Every structure is written in C-alpha cells, then in structure tokens.
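Student: Once you've had a glance at the structure underneath, I'll fire off some questions.
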Amino acid sequence: MSAGPLLELRNVWVEYGEKVVLERVDLAIEAGAFVSVVGPSGAGKSTFLRLLLGQEAPSRGRIVFDGAPMRAECGPDRGVVFQRYSVFPHLTVIGNVLFGLECAAAPVLGRLFGARRRVALAEADAMLDAVGLTHARDQYPAQLSGGMQQRLALAQALVRHPRLLLLDEPFGALDPGIRVDMHDLVTRLWREHGLTVVMVTHDIGEAFKLGTRVLAFDKRRHDPHAPHRFGATATYDVPLLRKNGARPDAKTAA
Amino acid sequence: MTRLINLRPGRRGRIVAGAVPILILCLVYAVAAALRHADNPADKVLPTLGAMGTALWNMGATVDPVSGQVTLLADTLASLSRLGAGLALATVTALVLGLLLGVMPLARAILGPVITVVAVIPPIAVLPILFIALGLGETAKIALIAIGIAPYMTRDLAAHVAALPAEQFIKAETLGANSWVVAIRVALPQMMPRLIETLRLSMGPAWVFLIAAEAIASDVGLGYRIFLVRRYLAMDIILPYVAWISLLAIAADALLQALSRRAFPWAKGDAR
C-alpha cells in the first residue's frame with residue numbers, strides 16, 4: 001500500500017447544469033481517521049458522501065482512493081450506513097449480516113451451503129456479538145427498535161471489512177440515550193477494526209465527540225440574486241489532536 | 001357525541017352488520033320469486049330456491065347420460081385448469097419482466113414503452129386474432145387470460161421494485177452484490193408479497209376473460225354452460241352457476257391471502 005493518504009480529492013466540483021453544489025474541494029483523508037462532516041442543509045454534505053460512495057461522479061476534478069482513481073460505482077471497499085433503509089426487511093438479523101459474505105463467496109447463487117455456510121455463519125455471529133445483537137439473531141428488522149436496526153446496519157457493513165466506512169446521519173433518527181450508546185459502539189468498532197470513517201451529521205456535539213477531524217461545509221461566496229451559482233466547500237477543517245493518542249495504528253492495521 | 005367516522009363495530013358486530021344486507025337481498029329475491037310464481041307457476045325469470053336446488057342437484061350430483069360426466073364437476077375442472085394455466089403464465093411473465101424492468105433502467109428504457117402499448121389494448125379485441133392464430137382449443141383461452149392480465153401485473157411489479165428504497169440497492173452494492181445477486185436476493189424476495197397482491201387484484205379480470213373465451217368457443221366450462229343454457233332461459237341453472245363462480249373466486253382470494261400471510265412474516269411490519 002502506498003504511504004499517501006487513503007482518499008484524496010483534487011479540485012472536485014459537482015454541478016447539476018447551472019446549479020453548483022460543490023466547488024473546489026481539496027481534501028486528503030488519512031487511513032485511520034474519523035472525519036465528521038457538518039454544515040447547514042443544502043451545503044452539499046450528502047453530495048460529498050455520495051461522491052465518496054461512488055454513487056455520483058464529480059463533474060470536474062479527481063478522486064483518488066487508495067492510490068487509484070475512484071470509479072463512480074459502489075463497491076465492497078466502501079461500506080455505508082444510512083439514516084434509514086440500510087437493512088433488508090426480508091432477511092433476518094443474521095441473514096442481513098450473512099448477505100455480504102454470501103455476495104463475496106457466491107456471485108452466481110448469492111447463497112452459501114454446507115461447510116462454507118457454517119464458516120460464514122460463524123463470522124456473521126461474531127460480528128453480531130460485536131454489536132450486541134446476538135439475542136435478536138433470528139428476528140426480522142421490522143421487529144427491532146431504531147437503535148438495534150442501526151447496530152445491525154453497522155454489523156452488516158463491517159462484515160466485508162471496508163477500507164472506508166461512510167455514515168450518513170446514522171444516529172439522526174434515534175433517541176438521545178440510544179444515541180450515546182451508539183457513539184460508544186461506533187468508537188469501539190472504529191478502534192478495534194482500524195477503520196477509516198467519514199460521518200455526515202447535523203449534530204455538532206456528536207461531530208466533535210466522535211471525530212479526529214471535523215470538516216464544516218458551507219458556501220464561501222454567496223450571490224443573493226443567484227444563490228445556486230456558487231457551490232459549497234470545506235470551509236473549516238479542524239484536526240482534533242487530543243484524540244491522536246487514541247487513534248488505532250491504522251497503517252499497520254490496514 | 002361520537003362522530004360517525006369514529007364508530008367502529010367489534011368483531012361480532014362486523015359479522016352481523018355484514019350479513020344483514022346479504023340476508024335482505026336473499027329475502028327480497030325469495031319474495032319476488034314467490035310473487036311471480038303466484039301469478040304464473042311456469043315463470044322462468046326468477047326461479048324459486050327449490051327449483052334452483054333441483055337444477056343444482058341435476059347438474060352437480062347426477063351423471064349426465066350424454067357426456068357420461070357430472071356436468072358441474074366437468075365444467076369446474078375445465079374452467080379452473082384454464083384459469084390456472086392462464087394465471088401461471090401471466091405470473092411467470094410478470095415476475096420475470098417486472099423484476100427486469102424494476103431493477104434495470106436499461107431494460108425499462110427498452111421494454112417499458114412496448115408493455116405500455118400492449119397494456120392499453122383491450123384484450124377482448126384481440127380474442128379473434130387469438131382464435132385465428134391459435135385455433136379454437138385451450139391455447140387461445142389460456143393466452144387470452146395471460147394477455148389480459150400480464151401487462152398490468154408486470155407494470156405493477158416493476159413499479160413496486162422501482163419504488164424500493166434506493167438505499168437498499170446501494171447497500172447491496174457496497175456489500176459486493178453483482179446485478180444478478182441484487183435482482184434475486186434483494187428485489188425478488190421483496191416482490192413476492194406484492195406479486196400475491198397483484199394476482200389477487202387480477203383474479204377478477206382473469207375470470208372475465210375466461211368466461212368471455214368460453215362463451216365464444218368451447219364445449220365445456222362454467223362460462224360455456226351459462227351461455228348455453230341462456231338459450232332456454234334456464235335461470236334455475238344460471239343463478240347457481242354464478243353463485244358457484246363467486247364462491248370459487250372468494251375461495252381463491254382467501255387462499256392467496258392466507259399464503260401471503262404465512263409465507264412472508266417479515267412483511268407484517270409494513271402492513272401495520
């Protein structure tokens with residue numbers, strides 16, 4: 001692996017026709033970082049996340065991921081947890097976690113059988129244990145609370161060991177008490193798995209609590225007559241050095 | 001005072017409330033039939049319940065000397081096998097096309113307009129074409145049912161798949177699923193409850209097409225029998241046949257509903 005940053009954005013723009021959403025985004029994200037992204041609504045936070053996910057391509061500029069230009073298509077090297085709809089309603093809890101392993105090992109049938117299934121099940125069970133969902137193993141997502149569904153979504157995303165974990169307001173719909181539990185869980189998983197995380201959030205407290213670095217997206221310039229003509233970019237980039245001691249040794253972990 | 005919209009009958013209340021109009025209809029019929037028969041004992045338009053019972057016994061419990069079969073049974077088997085074959089054909093077609101259209105924007109671009117065009121053709125209007133092309137046998141009748149309901153079912157299923165949250169597809173892709181695995185493991189299972197639902201809604205039209213096809217060219221079947229005995233004004237046979245068809249339709253609907261509830265426990269959360 002190259003010694004450079006895991007992810008690099010060079011002069012990235014996202015434009016929809018006349019409308020500029022992001023402009024001149026220049027960023028480098030090191031492996032092992034926990035980057036929180038904050039900003040007002042419409043400042044392109046979600047667009048930024050979709051770029052990293054590969055769901056969208058930049059209209060200008062380059063994104064380099066792990067030393068190679070990033071393809072505008074989602075792949076297993078990037079995991080994601082959305083605010084909602086992250087888990088499959090028709091699969092049980094264990095089935096949801098197993099799904100990623102089945103996709104990796106069985107591209108034709110999409111299912112595993114026999115000994116390979118047992119191995120995958122053991123791995124999935126370990127992942128469920130790590131997020132504390134063993135007791136709900138055979139339930140369907142509709143039977144779970146919002147917090148448990150997000151735990152499941154994390155387990156599901158992490159079972160493929162993604163290089164980059166993207167969180168799109170993952171705790172936005174949860175009760176405050178549950179949210180604190182989830183913060184502890186995400187911090188623990190980040191450390192144990194040596195993850196690189198980019199989290200979009202509305203909650204500034206959450207951003208500073210969890211992140212090793214906080215990016216604030218906003219528009220640098222504003223034209224009152226044509227508000228769509230200027231895009232947002234990372235206006236503040238705050239490294240939180242006090243957490244560096246707690247950082248996992250990501251370069252060796254990865 | 002409680003508003004009318006907030007009055008909710010209990011379980012027993014619902015059964016009683018639902019039975020009342022049906023009983024009233026039966027009563028009105030019985031009285032009207034009795035009045036007509038008082039005027040003219042040979043009246044054929046509103047046969048008495050007794051006359052219908054006798055006709056039903058003749059059709060359903062005695063062997064017809066000409067055909068050597070129990071007429072009602074033979075008609076029912078013939079009609080249900082046609083209906084079953086037509087529904088099966090439509091279901092498989094709708095499942096494959098609906099999945100393809102729902103999952104692949106490219107397939108939607110290619111096939112969507114064709115299916116829309118086919119869907120707006122009144123199926124009965126193509127019945128002569130089917131008879132000419134496929135002959136007067138079973139194939140044309142089955143084809144009419146399939147052509148009649150498959151486009152609607154396809155569009156309904158495709159719309160259902162396309163309306164699944166985009167997040168699920170993205171998530172599956174980030175877990176390494178290829179197009180095929182997304183289709184069979186993410187979209188297909190979530191289509192199944194909707195498939196049963198759309199099949200239930202298509203049962204009505206399917207019966208219409210079946211009876212239409214049987215009325216025009218057939219020698220056995222429920223629709224054929226009704227249109228045959230119409231020549232003799234045999235309301236005492238037509239009415240029990242209509243009731244029997246309704247009963248079959250209700251039974252099929254209940255069966256599908258039970259199947260849906262049994263087979264897709266995960267969908268219950270949505271049905272709240």
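Convention: chains lettered A, B, ... in structure tokens order; per-chain residue numbering from 1; ligands numbered from 1 as shown.
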For chain B, report every residue with an atom at most 10 Å from chain A (counting only C-alpha atoms), formatted as a tab-separated table (two decimals) with N, CA and C atoms, in the first residue's frame.
Tutor:
```tsv
chain	number	residue	atom	x	y	z
B	164	LEU	N	-38.72	0.56	-4.30
B	164	LEU	CA	-37.95	0.13	-3.13
B	164	LEU	C	-36.90	1.20	-2.84
B	165	PRO	N	-36.57	1.44	-1.56
B	165	PRO	CA	-35.61	2.50	-1.25
B	165	PRO	C	-34.28	2.29	-1.97
B	166	ALA	N	-33.79	3.37	-2.62
B	166	ALA	CA	-32.52	3.28	-3.34
B	166	ALA	C	-31.40	2.86	-2.40
B	167	GLU	N	-31.54	3.21	-1.12
B	167	GLU	CA	-30.51	2.87	-0.14
B	167	GLU	C	-30.22	1.37	-0.12
B	168	GLN	N	-31.28	0.57	-0.29
B	168	GLN	CA	-31.09	-0.88	-0.23
B	168	GLN	C	-30.22	-1.38	-1.37
B	169	PHE	N	-30.42	-0.80	-2.55
B	169	PHE	CA	-29.61	-1.23	-3.70
B	169	PHE	C	-28.16	-0.79	-3.51
B	170	ILE	N	-27.99	0.47	-3.03
B	170	ILE	CA	-26.64	0.97	-2.77
B	170	ILE	C	-25.94	0.08	-1.74
B	171	LYS	N	-26.70	-0.23	-0.68
B	171	LYS	CA	-26.12	-1.06	0.37
B	171	LYS	C	-25.68	-2.41	-0.19
B	172	ALA	N	-26.54	-3.01	-0.98
B	172	ALA	CA	-26.20	-4.32	-1.56
B	172	ALA	C	-24.95	-4.20	-2.42
B	173	GLU	N	-24.82	-3.11	-3.16
B	173	GLU	CA	-23.64	-2.93	-4.00
B	173	GLU	C	-22.39	-2.79	-3.15
B	174	THR	N	-22.51	-2.05	-2.03
B	174	THR	CA	-21.33	-1.89	-1.17
B	174	THR	C	-20.98	-3.21	-0.48
B	175	LEU	N	-21.91	-4.15	-0.46
B	175	LEU	CA	-21.60	-5.46	0.12
B	175	LEU	C	-21.10	-6.41	-0.95
B	176	GLY	N	-20.91	-5.90	-2.17
B	176	GLY	CA	-20.29	-6.70	-3.21
B	176	GLY	C	-21.25	-7.47	-4.08
B	177	ALA	N	-22.55	-7.15	-4.01
B	177	ALA	CA	-23.52	-7.88	-4.83
B	177	ALA	C	-23.41	-7.42	-6.28
B	178	ASN	N	-23.41	-8.37	-7.22
B	178	ASN	CA	-23.48	-8.01	-8.64
B	178	ASN	C	-24.95	-7.82	-9.04
B	179	SER	N	-25.20	-7.43	-10.29
B	179	SER	CA	-26.57	-7.13	-10.72
B	179	SER	C	-27.49	-8.32	-10.48
B	180	TRP	N	-26.99	-9.50	-10.80
B	180	TRP	CA	-27.81	-10.71	-10.68
B	180	TRP	C	-28.18	-10.97	-9.22
B	181	VAL	N	-27.21	-10.84	-8.33
B	181	VAL	CA	-27.48	-11.10	-6.91
B	181	VAL	C	-28.43	-10.03	-6.35
B	182	VAL	N	-28.25	-8.78	-6.78
B	182	VAL	CA	-29.20	-7.73	-6.35
B	182	VAL	C	-30.61	-8.11	-6.78
B	184	ILE	N	-31.92	-11.21	-7.54
B	184	ILE	CA	-32.54	-12.40	-6.94
B	184	ILE	C	-32.56	-12.37	-5.42
B	185	ARG	N	-31.65	-11.60	-4.78
B	185	ARG	CA	-31.63	-11.64	-3.32
B	185	ARG	C	-32.22	-10.40	-2.68
B	186	VAL	N	-32.23	-9.28	-3.39
B	186	VAL	CA	-32.79	-8.05	-2.80
B	186	VAL	C	-34.17	-7.75	-3.37
B	187	ALA	N	-34.27	-7.71	-4.71
B	187	ALA	CA	-35.53	-7.29	-5.33
B	187	ALA	C	-36.57	-8.41	-5.35
B	189	PRO	N	-37.20	-11.27	-3.56
B	189	PRO	CA	-37.97	-11.63	-2.35
B	189	PRO	C	-38.94	-10.53	-1.93
B	190	GLN	N	-38.55	-9.28	-2.14
B	190	GLN	CA	-39.43	-8.20	-1.72
B	190	GLN	C	-40.58	-7.99	-2.71
B	264	PHE	N	-44.74	-14.74	4.15
B	264	PHE	CA	-43.91	-13.54	4.26
B	264	PHE	C	-44.08	-12.86	5.61
B	265	PRO	N	-43.60	-13.51	6.66
B	265	PRO	CA	-43.78	-12.94	8.00
B	265	PRO	C	-43.09	-11.58	8.14
B	266	TRP	N	-42.02	-11.36	7.38
B	266	TRP	CA	-41.28	-10.11	7.51
B	266	TRP	C	-42.08	-8.92	7.01
B	267	ALA	N	-43.07	-9.18	6.13
B	267	ALA	CA	-43.84	-8.07	5.55
B	267	ALA	C	-44.90	-7.56	6.50
B	268	LYS	N	-45.11	-8.28	7.61
B	268	LYS	CA	-46.18	-7.89	8.53
B	268	LYS	C	-45.95	-6.50	9.11
B	269	GLY	N	-44.68	-6.18	9.38
B	269	GLY	CA	-44.36	-4.88	9.97
B	269	GLY	C	-44.85	-3.73	9.10
B	270	ASP	N	-44.79	-3.95	7.76
B	270	ASP	CA	-45.23	-2.90	6.84
B	270	ASP	C	-46.74	-2.74	6.85
```
Student: Give me the residues near A:Val200 as a PyMOL selection string, where near means some atom within 12 Å (using only C-alpha atoms) and where sequence neighbours in that chain fewer than 3 positions away do not count.
Tutor: chain A and resi 34-41+43-50+52+80-83+165-172+197+203-204+206-208+210-211+214-217
Student: For those residues, write N, CA and C atoms to a file as a short mmCIF file (atom, residue, chain, number, x, y, z; two decimals), in the first residue's frame.
Tutor:
```
data_model
loop_
_atom_site.label_atom_id
_atom_site.label_comp_id
_atom_site.auth_asym_id
_atom_site.auth_seq_id
_atom_site.Cartn_x
_atom_site.Cartn_y
_atom_site.Cartn_z
N PHE A 34 -11.14 9.54 11.69
CA PHE A 34 -12.59 9.57 11.87
C PHE A 34 -13.02 11.00 11.54
N VAL A 35 -13.51 11.20 10.34
CA VAL A 35 -13.82 12.54 9.85
C VAL A 35 -15.31 12.81 10.02
N SER A 36 -15.63 13.84 10.78
CA SER A 36 -17.02 14.25 10.89
C SER A 36 -17.27 15.38 9.89
N VAL A 37 -18.40 15.33 9.21
CA VAL A 37 -18.74 16.39 8.26
C VAL A 37 -20.00 17.08 8.75
N VAL A 38 -19.90 18.39 8.99
CA VAL A 38 -21.06 19.15 9.43
C VAL A 38 -21.32 20.28 8.44
N GLY A 39 -22.44 20.94 8.61
CA GLY A 39 -22.76 22.06 7.73
C GLY A 39 -24.25 22.23 7.65
N PRO A 40 -24.70 23.41 7.21
CA PRO A 40 -26.14 23.64 7.12
C PRO A 40 -26.77 22.77 6.03
N SER A 41 -28.08 22.68 6.04
CA SER A 41 -28.78 21.92 5.00
C SER A 41 -28.48 22.54 3.64
N ALA A 43 -25.72 22.28 2.02
CA ALA A 43 -24.32 22.66 1.83
C ALA A 43 -23.53 21.52 1.18
N GLY A 44 -24.23 20.54 0.66
CA GLY A 44 -23.54 19.52 -0.12
C GLY A 44 -22.92 18.41 0.71
N LYS A 45 -23.31 18.27 1.98
CA LYS A 45 -22.76 17.19 2.80
C LYS A 45 -23.11 15.83 2.20
N SER A 46 -24.38 15.69 1.85
CA SER A 46 -24.82 14.39 1.32
C SER A 46 -24.22 14.14 -0.05
N THR A 47 -24.09 15.20 -0.85
CA THR A 47 -23.45 15.05 -2.15
C THR A 47 -22.01 14.59 -1.98
N PHE A 48 -21.34 15.18 -0.99
CA PHE A 48 -19.96 14.81 -0.69
C PHE A 48 -19.88 13.32 -0.37
N LEU A 49 -20.83 12.86 0.46
CA LEU A 49 -20.85 11.44 0.84
C LEU A 49 -21.12 10.55 -0.37
N ARG A 50 -22.05 11.00 -1.24
CA ARG A 50 -22.35 10.20 -2.43
C ARG A 50 -21.14 10.10 -3.34
N LEU A 52 -17.99 10.06 -2.29
CA LEU A 52 -17.08 9.09 -1.69
C LEU A 52 -17.60 7.67 -1.88
N VAL A 80 -21.34 1.43 3.96
CA VAL A 80 -22.19 2.59 4.22
C VAL A 80 -23.31 2.24 5.20
N VAL A 81 -23.65 3.21 6.04
CA VAL A 81 -24.83 3.10 6.89
C VAL A 81 -25.64 4.38 6.68
N PHE A 82 -26.88 4.23 6.23
CA PHE A 82 -27.74 5.39 6.03
C PHE A 82 -28.58 5.64 7.28
N GLN A 83 -29.26 6.78 7.27
CA GLN A 83 -30.14 7.07 8.40
C GLN A 83 -31.27 6.06 8.48
N LEU A 165 -15.51 3.52 5.82
CA LEU A 165 -16.90 3.37 6.28
C LEU A 165 -17.57 4.74 6.22
N LEU A 166 -18.68 4.81 5.50
CA LEU A 166 -19.38 6.08 5.34
C LEU A 166 -20.68 6.03 6.14
N LEU A 167 -20.88 7.05 6.97
CA LEU A 167 -22.08 7.09 7.81
C LEU A 167 -22.88 8.34 7.45
N ASP A 168 -24.11 8.16 7.00
CA ASP A 168 -24.93 9.31 6.60
C ASP A 168 -25.98 9.57 7.67
N GLU A 169 -25.66 10.48 8.57
CA GLU A 169 -26.54 10.78 9.71
C GLU A 169 -27.08 9.50 10.35
N PRO A 170 -26.17 8.63 10.76
CA PRO A 170 -26.61 7.29 11.17
C PRO A 170 -27.45 7.30 12.44
N PHE A 171 -27.28 8.35 13.27
CA PHE A 171 -28.00 8.35 14.54
C PHE A 171 -29.06 9.44 14.59
N GLY A 172 -29.34 10.05 13.44
CA GLY A 172 -30.24 11.20 13.39
C GLY A 172 -31.65 10.88 13.85
N VAL A 197 -13.30 6.36 8.88
CA VAL A 197 -14.72 6.67 8.90
C VAL A 197 -14.95 8.09 8.40
N ASP A 203 -25.44 17.04 14.06
CA ASP A 203 -25.22 17.29 15.47
C ASP A 203 -23.75 17.65 15.69
N ILE A 204 -23.49 18.94 15.97
CA ILE A 204 -22.10 19.39 16.08
C ILE A 204 -21.41 18.73 17.27
N GLU A 206 -21.94 15.78 18.45
CA GLU A 206 -21.59 14.43 18.02
C GLU A 206 -20.34 14.46 17.14
N ALA A 207 -20.29 15.45 16.24
CA ALA A 207 -19.17 15.56 15.31
C ALA A 207 -17.86 15.70 16.09
N PHE A 208 -17.85 16.57 17.11
CA PHE A 208 -16.61 16.79 17.86
C PHE A 208 -16.32 15.64 18.81
N LEU A 210 -16.98 12.38 18.40
CA LEU A 210 -16.52 11.16 17.76
C LEU A 210 -15.30 11.37 16.87
N GLY A 211 -15.22 12.54 16.21
CA GLY A 211 -14.25 12.69 15.14
C GLY A 211 -12.83 12.93 15.62
N VAL A 214 -12.85 17.45 12.07
CA VAL A 214 -14.19 17.92 11.73
C VAL A 214 -14.10 18.81 10.50
N LEU A 215 -14.89 18.46 9.48
CA LEU A 215 -14.97 19.30 8.28
C LEU A 215 -16.30 20.04 8.30
N ALA A 216 -16.24 21.35 8.11
CA ALA A 216 -17.50 22.10 8.01
C ALA A 216 -17.69 22.51 6.56
N PHE A 217 -18.80 22.12 5.98
CA PHE A 217 -19.09 22.50 4.60
C PHE A 217 -20.00 23.72 4.58
#
```
Student: Any idea what's packed within 8 Å of A:His228, counting only C-alpha atoms, ignoring anything in its chain fewer than 2 positions away? Could you give it as a list in words?
Tutor: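 Final neighbour list, sorted by chain and number: Glu18, Lys19, Val20, Val21, Ala226, Phe230 and Gly231 of chain A.
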Student: Kindly save the residues from that selection, with C-alpha atoms included, as a PDB file, in the first residue's frame.
Tutor:
```pdb
ATOM      1  CA  GLU A  18     -26.442  25.730 -13.778  1.00  0.00           C
ATOM      2  CA  LYS A  19     -26.512  24.695 -10.145  1.00  0.00           C
ATOM      3  CA  VAL A  20     -23.186  24.316  -8.396  1.00  0.00           C
ATOM      4  CA  VAL A  21     -23.347  22.093  -5.341  1.00  0.00           C
ATOM      5  CA  ALA A 226     -28.422  33.629  -7.999  1.00  0.00           C
ATOM      6  CA  PHE A 230     -21.810  29.202  -6.036  1.00  0.00           C
ATOM      7  CA  GLY A 231     -21.161  25.822  -4.502  1.00  0.00           C
TER       8      GLY A 231
END
```
Student: Run DSSP on the backbone of this structure and report the residues of stretch 85-229 of chain A it assigns to strand (DSSP E or B), as a list of chain:residue names.
Tutor: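 Answer for stretch 85-229 of chain A, restricted to strand (DSSP E or B): A:Leu164, A:Leu165, A:Leu166, A:Leu167, A:Asp168, A:Val197, A:Val198, A:Met199, A:Val200, A:Arg213, A:Val214, A:Leu215, A:Ala216, A:Phe217, A:Asp218, A:Lys219.
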Student: One number please: atom CA of B:Leu97 to atom CA of B:Gly204, in Å, one decimal.
Tutor: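 Those two atoms sit 21.8 Å apart.
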Student: Any idea what's packed within 9 Å of B:Ala213, counting only C-alpha atoms, ignoring anything in its chain fewer than 2 positions away? Could you give it as number ranges by chain?
Tutor: B: 124, 127, 140-142, 144-145, 208-211, 215-218, 223-224
Student: Please produce a file of the residues just selected, as a PDB file, in the first residue's frame, where the atoms kept are N, CA and C atoms.
Tutor:
```pdb
ATOM      1  N   ILE B 124     -60.132  -8.318 -25.065  1.00  0.00           N
ATOM      2  CA  ILE B 124     -61.216  -8.995 -25.790  1.00  0.00           C
ATOM      3  C   ILE B 124     -61.121  -8.678 -27.285  1.00  0.00           C
ATOM      4  N   LEU B 127     -59.138 -11.177 -29.069  1.00  0.00           N
ATOM      5  CA  LEU B 127     -59.594 -12.574 -28.989  1.00  0.00           C
ATOM      6  C   LEU B 127     -59.771 -13.211 -30.361  1.00  0.00           C
ATOM      7  N   ALA B 140     -55.843 -20.763 -27.015  1.00  0.00           N
ATOM      8  CA  ALA B 140     -56.338 -19.406 -27.225  1.00  0.00           C
ATOM      9  C   ALA B 140     -56.969 -18.855 -25.942  1.00  0.00           C
ATOM     10  N   LYS B 141     -57.700 -19.717 -25.212  1.00  0.00           N
ATOM     11  CA  LYS B 141     -58.354 -19.253 -23.983  1.00  0.00           C
ATOM     12  C   LYS B 141     -57.321 -18.897 -22.916  1.00  0.00           C
ATOM     13  N   ILE B 142     -56.326 -19.781 -22.796  1.00  0.00           N
ATOM     14  CA  ILE B 142     -55.264 -19.517 -21.811  1.00  0.00           C
ATOM     15  C   ILE B 142     -54.504 -18.249 -22.190  1.00  0.00           C
ATOM     16  N   LEU B 144     -55.611 -15.720 -23.844  1.00  0.00           N
ATOM     17  CA  LEU B 144     -56.416 -14.518 -23.595  1.00  0.00           C
ATOM     18  C   LEU B 144     -56.285 -14.084 -22.133  1.00  0.00           C
ATOM     19  N   ILE B 145     -56.371 -15.047 -21.214  1.00  0.00           N
ATOM     20  CA  ILE B 145     -56.237 -14.704 -19.793  1.00  0.00           C
ATOM     21  C   ILE B 145     -54.861 -14.096 -19.532  1.00  0.00           C
ATOM     22  N   VAL B 208     -63.232 -12.722 -16.008  1.00  0.00           N
ATOM     23  CA  VAL B 208     -63.960 -12.109 -17.124  1.00  0.00           C
ATOM     24  C   VAL B 208     -63.465 -12.670 -18.448  1.00  0.00           C
ATOM     25  N   PHE B 209     -62.129 -12.712 -18.610  1.00  0.00           N
ATOM     26  CA  PHE B 209     -61.574 -13.185 -19.875  1.00  0.00           C
ATOM     27  C   PHE B 209     -61.872 -14.668 -20.079  1.00  0.00           C
ATOM     28  N   LEU B 210     -61.835 -15.436 -19.000  1.00  0.00           N
ATOM     29  CA  LEU B 210     -62.115 -16.866 -19.095  1.00  0.00           C
ATOM     30  C   LEU B 210     -63.539 -17.086 -19.605  1.00  0.00           C
ATOM     31  N   ILE B 211     -64.484 -16.398 -18.966  1.00  0.00           N
ATOM     32  CA  ILE B 211     -65.886 -16.628 -19.317  1.00  0.00           C
ATOM     33  C   ILE B 211     -66.173 -16.113 -20.723  1.00  0.00           C
ATOM     34  N   ALA B 215     -67.508 -18.503 -23.595  1.00  0.00           N
ATOM     35  CA  ALA B 215     -68.811 -18.212 -24.173  1.00  0.00           C
ATOM     36  C   ALA B 215     -68.753 -18.255 -25.693  1.00  0.00           C
ATOM     37  N   ILE B 216     -67.575 -17.873 -26.237  1.00  0.00           N
ATOM     38  CA  ILE B 216     -67.494 -17.753 -27.687  1.00  0.00           C
ATOM     39  C   ILE B 216     -67.172 -19.092 -28.346  1.00  0.00           C
ATOM     40  N   ALA B 217     -66.204 -19.823 -27.810  1.00  0.00           N
ATOM     41  CA  ALA B 217     -65.842 -21.092 -28.452  1.00  0.00           C
ATOM     42  C   ALA B 217     -65.378 -22.078 -27.406  1.00  0.00           C
ATOM     43  N   SER B 218     -66.264 -23.022 -27.075  1.00  0.00           N
ATOM     44  CA  SER B 218     -65.895 -24.044 -26.110  1.00  0.00           C
ATOM     45  C   SER B 218     -66.946 -25.142 -26.128  1.00  0.00           C
ATOM     46  N   GLY B 223     -68.373 -20.877 -17.996  1.00  0.00           N
ATOM     47  CA  GLY B 223     -68.866 -19.800 -18.853  1.00  0.00           C
ATOM     48  C   GLY B 223     -69.655 -20.361 -20.028  1.00  0.00           C
ATOM     49  N   TYR B 224     -69.130 -21.456 -20.609  1.00  0.00           N
ATOM     50  CA  TYR B 224     -69.824 -22.112 -21.720  1.00  0.00           C
ATOM     51  C   TYR B 224     -71.225 -22.522 -21.293  1.00  0.00           C
TER      52      TYR B 224
END
```
